[in-house]
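Before any comments, here is the structure.
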Amino acid sequence: AFASVVDEAGAPLAGVLVRAQQSSRTRAERSPSVVGAAAPPEDSAEDAVREALERFEARRAGRRDLTTDAAGAFRVDGVADGEWVITAYLAGYEFEVRDASYGRVTTGTAIRIVASPLVQIPVTVVGADGRAPESADITTTPVGERRGPSFTWTPSEAFIRLAPGRHEVTAQSRDGVIGRPASAKSETVEVLVSRDVAPEALHFELRERSGIRGR
């Protein structure tokens with residue numbers, strides 16, 4: 001499939017990493033009945049490592065990575081027929097694969113990817129003691145939408161990149177897991193992002209969450 005990457009003005013964009021990943025959307029096989037069966041043997045560490053390597057190799061076999069040339073073009077050849085997921089990467093940009101649902105295209109489709117520059121916003125995070133943590137999670141939600149991008153903040157990468165518009169931004173400690181919220185969280189800040197105005201730095205103070213905790 002032939003493809004091109006351009007910016008919002010239609011100018012070609014070189015140096016973009018474009019990844020084509022073969023879609024894994026296939027009908028799952030029905031698991032055999034286990035009624036009356038003996039307990040399955042426990043997997044060994046060697047079995048777990050082997051299965052992980054097999055999954056990794058399978059994903060890599062179904063993936064092609066290419067870089068756009070000076071004309072913003074690239075071509076994916078020698079791929080199996082079917083559905084592929086297209087993703088593009090270049091620091092400071094977000095990408096939209098036009099005329100594709102969630103980046104899914106079929107073999108032989110001409111692909112047009114449009115790049116939009118993001119705005120980099122400086123961020124500082126401190127704990128209740130006034131010191132910066134080793135890392136924090138930054139969650140963002142465009143106003144009026146359900147979710148947005150998340151970022152891992154560190155003192156050495158103390159920024160986030162957002163598209164123009166209004167966003168709600170929150171920082172929290174990185175000890176949260178599914179079913180258990182993070183132990184410390186900041187107030188949510190609404191920020192207006194514009195490419196025409198230099199963004200002000202965001203400052204977050206992590207405070208221990210109050211409430212009932214299980215034993």
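Labels used: A, B, ... for chains in the order of the structure tokens, numbers from 1 for residues in each chain, and numbers from 1 for ligands as shown.
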Using only C-alpha atoms, which residues sit within 7 Å of stretch 4-6 of chain A once same-chain residues fewer than 4 positions away are excluded, as a list in words?
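The contact residues come out as Gly10, Ala11, Pro12, Leu13, Gly72, Ala73, Phe74, Ile111, Arg112, Ile113, Val114 and Ala115 of chain A.
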Those of stretch 8-213 of chain A in DSSP strand (DSSP E), formatted as a PyMOL selection string:
chain A and resi 17-22+63-67+73-75+83-89+93-97+104-106+111-117+119-126+136-142+150-153+159-162+165-172+184-185+189-193+202-205+207-208
Can you check which parts of stretch 118-180 of chain A lie within 12 Å of stretch 88-107 of chain A? Per residue, the shortest pair of atoms and distance in Å to one decimal, counting only C-alpha atoms, sorted by chain and number, as a Markdown table.
```
| residue | atom | partner | partner_atom | distance |
| --- | --- | --- | --- | --- |
| A:Leu118 | CA | A:Tyr93 | CA | 5.3 |
| A:Val119 | CA | A:Gly92 | CA | 7.4 |
| A:Gln120 | CA | A:Gly92 | CA | 7.5 |
| A:Ile121 | CA | A:Gly92 | CA | 11.2 |
| A:Pro149 | CA | A:Glu94 | CA | 10.8 |
| A:Phe159 | CA | A:Gly92 | CA | 11.5 |
| A:Ile160 | CA | A:Gly92 | CA | 9.8 |
| A:Arg161 | CA | A:Gly92 | CA | 7.0 |
| A:Leu162 | CA | A:Glu94 | CA | 9.0 |
| A:Ala163 | CA | A:Glu94 | CA | 8.0 |
| A:Pro164 | CA | A:Glu94 | CA | 11.3 |
```
Residue nearest A:Gly127 among A:Thr68, A:Ser23, A:Ser194, A:Ser183 (counting only C-alpha atoms)
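Of the candidates, the smallest distance to A:Gly127 is held by A:Ser183.
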Two-atom distance - atom CA of A:Leu206, atom CA of A:Glu145 (Å):
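Separating atom CA of A:Leu206 from atom CA of A:Glu145 is a distance of 24.7 Å.
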What lies within 7 Å of A:His167 using only C-alpha atoms, ignoring chain neighbours under 4 positions off, as JSON, numbers by chain?
{"A": [140, 141, 142, 143, 190, 191, 192]}
Rounded to one decimal in Å, what is the spacing between atom CA of A:Ala136 and atom CA of A:Arg195?
25.8 Å
What is the distance between atom CA of A:Val18 and atom CA of A:Asp65, in Å to one decimal?
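Answer for the atom CA of A:Val18 to atom CA of A:Asp65 separation: 5.8 Å.
Listed by chain and then by rising number, the residues of stretch 31-132 of chain A that DSSP assigns to alpha helix (DSSP H) from the backbone are Ala45, Glu46, Asp47, Ala48, Val49, Arg50, Glu51, Ala52, Leu53, Glu54, Arg55, Phe56, Glu57, Ala58, Arg59, Arg60 and Ala61 of chain A.
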Write the residues of the selection above to a file with all heavy atoms, as a tab-separated table (two decimals), in the first residue's frame.
```tsv
chain	number	residue	atom	x	y	z
A	45	ALA	N	8.54	-21.81	34.78
A	45	ALA	CA	9.10	-20.54	34.35
A	45	ALA	C	9.57	-20.62	32.90
A	45	ALA	O	9.41	-19.68	32.13
A	45	ALA	CB	10.26	-20.13	35.27
A	46	GLU	N	10.12	-21.79	32.53
A	46	GLU	CA	10.58	-21.98	31.15
A	46	GLU	C	9.41	-21.91	30.19
A	46	GLU	O	9.51	-21.31	29.10
A	46	GLU	CB	11.31	-23.31	31.01
A	46	GLU	CG	12.66	-23.38	31.71
A	46	GLU	CD	12.50	-23.63	33.22
A	46	GLU	OE1	11.36	-23.83	33.68
A	46	GLU	OE2	13.53	-23.62	33.92
A	47	ASP	N	8.27	-22.51	30.56
A	47	ASP	CA	7.08	-22.47	29.70
A	47	ASP	C	6.59	-21.03	29.53
A	47	ASP	O	6.22	-20.61	28.43
A	47	ASP	CB	5.95	-23.33	30.28
A	47	ASP	CG	6.27	-24.81	30.22
A	47	ASP	OD1	7.07	-25.21	29.35
A	47	ASP	OD2	5.71	-25.57	31.04
A	48	ALA	N	6.58	-20.27	30.62
A	48	ALA	CA	6.10	-18.90	30.57
A	48	ALA	C	6.99	-18.04	29.67
A	48	ALA	O	6.50	-17.24	28.88
A	48	ALA	CB	6.04	-18.31	31.98
A	49	VAL	N	8.32	-18.23	29.79
A	49	VAL	CA	9.25	-17.47	28.96
A	49	VAL	C	9.08	-17.85	27.50
A	49	VAL	O	9.06	-16.98	26.61
A	49	VAL	CB	10.69	-17.69	29.42
A	49	VAL	CG1	11.68	-17.09	28.43
A	49	VAL	CG2	10.92	-17.09	30.80
A	50	ARG	N	8.94	-19.15	27.23
A	50	ARG	CA	8.78	-19.60	25.85
A	50	ARG	C	7.51	-19.04	25.22
A	50	ARG	O	7.51	-18.57	24.08
A	50	ARG	CB	8.76	-21.13	25.79
A	50	ARG	CG	8.71	-21.68	24.34
A	50	ARG	CD	8.61	-23.18	24.28
A	50	ARG	NE	7.34	-23.67	24.80
A	50	ARG	CZ	7.20	-24.26	25.98
A	50	ARG	NH1	8.26	-24.45	26.76
A	50	ARG	NH2	6.01	-24.67	26.39
A	51	GLU	N	6.40	-19.06	25.97
A	51	GLU	CA	5.14	-18.54	25.45
A	51	GLU	C	5.24	-17.04	25.20
A	51	GLU	O	4.71	-16.53	24.20
A	51	GLU	CB	4.01	-18.85	26.42
A	51	GLU	CG	3.67	-20.33	26.50
A	51	GLU	CD	2.61	-20.63	27.54
A	51	GLU	OE1	2.13	-19.66	28.17
A	51	GLU	OE2	2.27	-21.81	27.73
A	52	ALA	N	5.92	-16.31	26.10
A	52	ALA	CA	6.08	-14.87	25.91
A	52	ALA	C	6.90	-14.57	24.66
A	52	ALA	O	6.58	-13.66	23.88
A	52	ALA	CB	6.73	-14.24	27.13
A	53	LEU	N	7.97	-15.36	24.44
A	53	LEU	CA	8.79	-15.17	23.24
A	53	LEU	C	8.00	-15.50	21.98
A	53	LEU	O	8.13	-14.81	20.96
A	53	LEU	CB	10.05	-16.04	23.33
A	53	LEU	CG	11.13	-15.58	24.31
A	53	LEU	CD1	12.23	-16.62	24.42
A	53	LEU	CD2	11.71	-14.24	23.88
A	54	GLU	N	7.17	-16.54	22.03
A	54	GLU	CA	6.36	-16.89	20.86
A	54	GLU	C	5.38	-15.78	20.52
A	54	GLU	O	5.17	-15.45	19.35
A	54	GLU	CB	5.63	-18.21	21.12
A	54	GLU	CG	6.54	-19.42	21.15
A	54	GLU	CD	5.81	-20.69	21.56
A	54	GLU	OE1	4.64	-20.58	22.00
A	54	GLU	OE2	6.41	-21.78	21.47
A	55	ARG	N	4.75	-15.18	21.55
A	55	ARG	CA	3.83	-14.07	21.30
A	55	ARG	C	4.56	-12.87	20.72
A	55	ARG	O	4.07	-12.19	19.81
A	55	ARG	CB	3.10	-13.69	22.59
A	55	ARG	CG	2.08	-14.72	23.05
A	55	ARG	CD	1.18	-14.14	24.12
A	55	ARG	NE	1.92	-13.76	25.33
A	55	ARG	CZ	2.14	-14.58	26.35
A	55	ARG	NH1	1.67	-15.82	26.34
A	55	ARG	NH2	2.81	-14.15	27.41
A	56	PHE	N	5.77	-12.59	21.26
A	56	PHE	CA	6.56	-11.47	20.77
A	56	PHE	C	6.94	-11.68	19.31
A	56	PHE	O	6.83	-10.76	18.48
A	56	PHE	CB	7.81	-11.31	21.63
A	56	PHE	CG	8.80	-10.31	21.09
A	56	PHE	CD1	8.57	-8.95	21.23
A	56	PHE	CD2	9.94	-10.74	20.44
A	56	PHE	CE1	9.47	-8.03	20.73
A	56	PHE	CE2	10.85	-9.82	19.93
A	56	PHE	CZ	10.62	-8.46	20.08
A	57	GLU	N	7.40	-12.87	18.97
A	57	GLU	CA	7.80	-13.15	17.60
A	57	GLU	C	6.61	-13.07	16.65
A	57	GLU	O	6.73	-12.60	15.51
A	57	GLU	CB	8.46	-14.54	17.51
A	57	GLU	CG	9.80	-14.64	18.21
A	57	GLU	CD	10.86	-13.77	17.56
A	57	GLU	OE1	10.68	-13.39	16.39
A	57	GLU	OE2	11.87	-13.47	18.23
A	58	ALA	N	5.44	-13.52	17.11
A	58	ALA	CA	4.25	-13.46	16.28
A	58	ALA	C	3.86	-12.02	15.98
A	58	ALA	O	3.49	-11.66	14.85
A	58	ALA	CB	3.08	-14.20	16.95
A	59	ARG	N	3.95	-11.15	17.02
A	59	ARG	CA	3.63	-9.73	16.80
A	59	ARG	C	4.63	-9.09	15.86
A	59	ARG	O	4.27	-8.31	14.98
A	59	ARG	CB	3.61	-8.98	18.13
A	59	ARG	CG	2.40	-9.28	19.00
A	59	ARG	CD	2.26	-8.23	20.10
A	59	ARG	NE	3.44	-8.12	20.92
A	59	ARG	CZ	3.65	-8.83	22.03
A	59	ARG	NH1	2.76	-9.73	22.41
A	59	ARG	NH2	4.75	-8.67	22.74
A	60	ARG	N	5.92	-9.42	16.04
A	60	ARG	CA	6.95	-8.81	15.19
A	60	ARG	C	6.83	-9.29	13.75
A	60	ARG	O	7.07	-8.51	12.82
A	60	ARG	CB	8.34	-9.13	15.75
A	60	ARG	CG	9.45	-8.37	15.06
A	60	ARG	CD	10.75	-8.46	15.80
A	60	ARG	NE	11.27	-9.83	15.85
A	60	ARG	CZ	12.46	-10.16	16.36
A	60	ARG	NH1	13.21	-9.22	16.91
A	60	ARG	NH2	12.86	-11.41	16.39
A	61	ALA	N	6.43	-10.54	13.57
A	61	ALA	CA	6.27	-11.07	12.21
A	61	ALA	C	5.16	-10.35	11.47
A	61	ALA	O	5.19	-10.24	10.24
A	61	ALA	CB	6.01	-12.57	12.25
```
Using only C-alpha atoms, can you tell me which of A:Asp77, A:Glu8, A:Glu187, A:Asp196 comes closest to A:Arg209?
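The shortest atom-to-atom distance to A:Arg209 comes from A:Glu187.
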Would you pick out the contacts of A:Gln21 at 7 Å or less, using only C-alpha atoms, so that residues sharing its chain but fewer than 5 positions from it are not included, and give the list as an MDAnalysis selection string?
chainID A and resid 62:64 84:86
Name the closest residue to A:Arg75 among the candidates A:Gly144, A:Phe204, A:Ala128, A:Ala3; distances are taken between atoms, counting only C-alpha atoms.
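For A:Arg75, the nearest of the candidates is A:Ala3.
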Counting only C-alpha atoms, the residue of A:Val123, A:Leu17, A:Ala110, A:Ile138 that sits nearest A:Thr87:
A:Leu17
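When the distance limit is 7 Å and only C-alpha atoms are what count, the residues near A:Val189, minus those fewer than 3 positions from it on the same chain, are A:Glu168, A:Val169, A:Thr170.
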I need the chosen residues saved as a PDB file, in the first residue's frame, with N, CA and C atoms.
```pdb
ATOM      1  N   GLU A 168      -8.861  19.283  30.862  1.00  0.00           N
ATOM      2  CA  GLU A 168      -8.773  19.121  32.308  1.00  0.00           C
ATOM      3  C   GLU A 168      -7.580  18.227  32.601  1.00  0.00           C
ATOM      4  N   VAL A 169      -6.697  18.687  33.476  1.00  0.00           N
ATOM      5  CA  VAL A 169      -5.422  18.004  33.719  1.00  0.00           C
ATOM      6  C   VAL A 169      -5.281  17.720  35.209  1.00  0.00           C
ATOM      7  N   THR A 170      -4.865  16.496  35.541  1.00  0.00           N
ATOM      8  CA  THR A 170      -4.691  16.066  36.928  1.00  0.00           C
ATOM      9  C   THR A 170      -3.401  15.275  37.053  1.00  0.00           C
TER      10      THR A 170
END
```
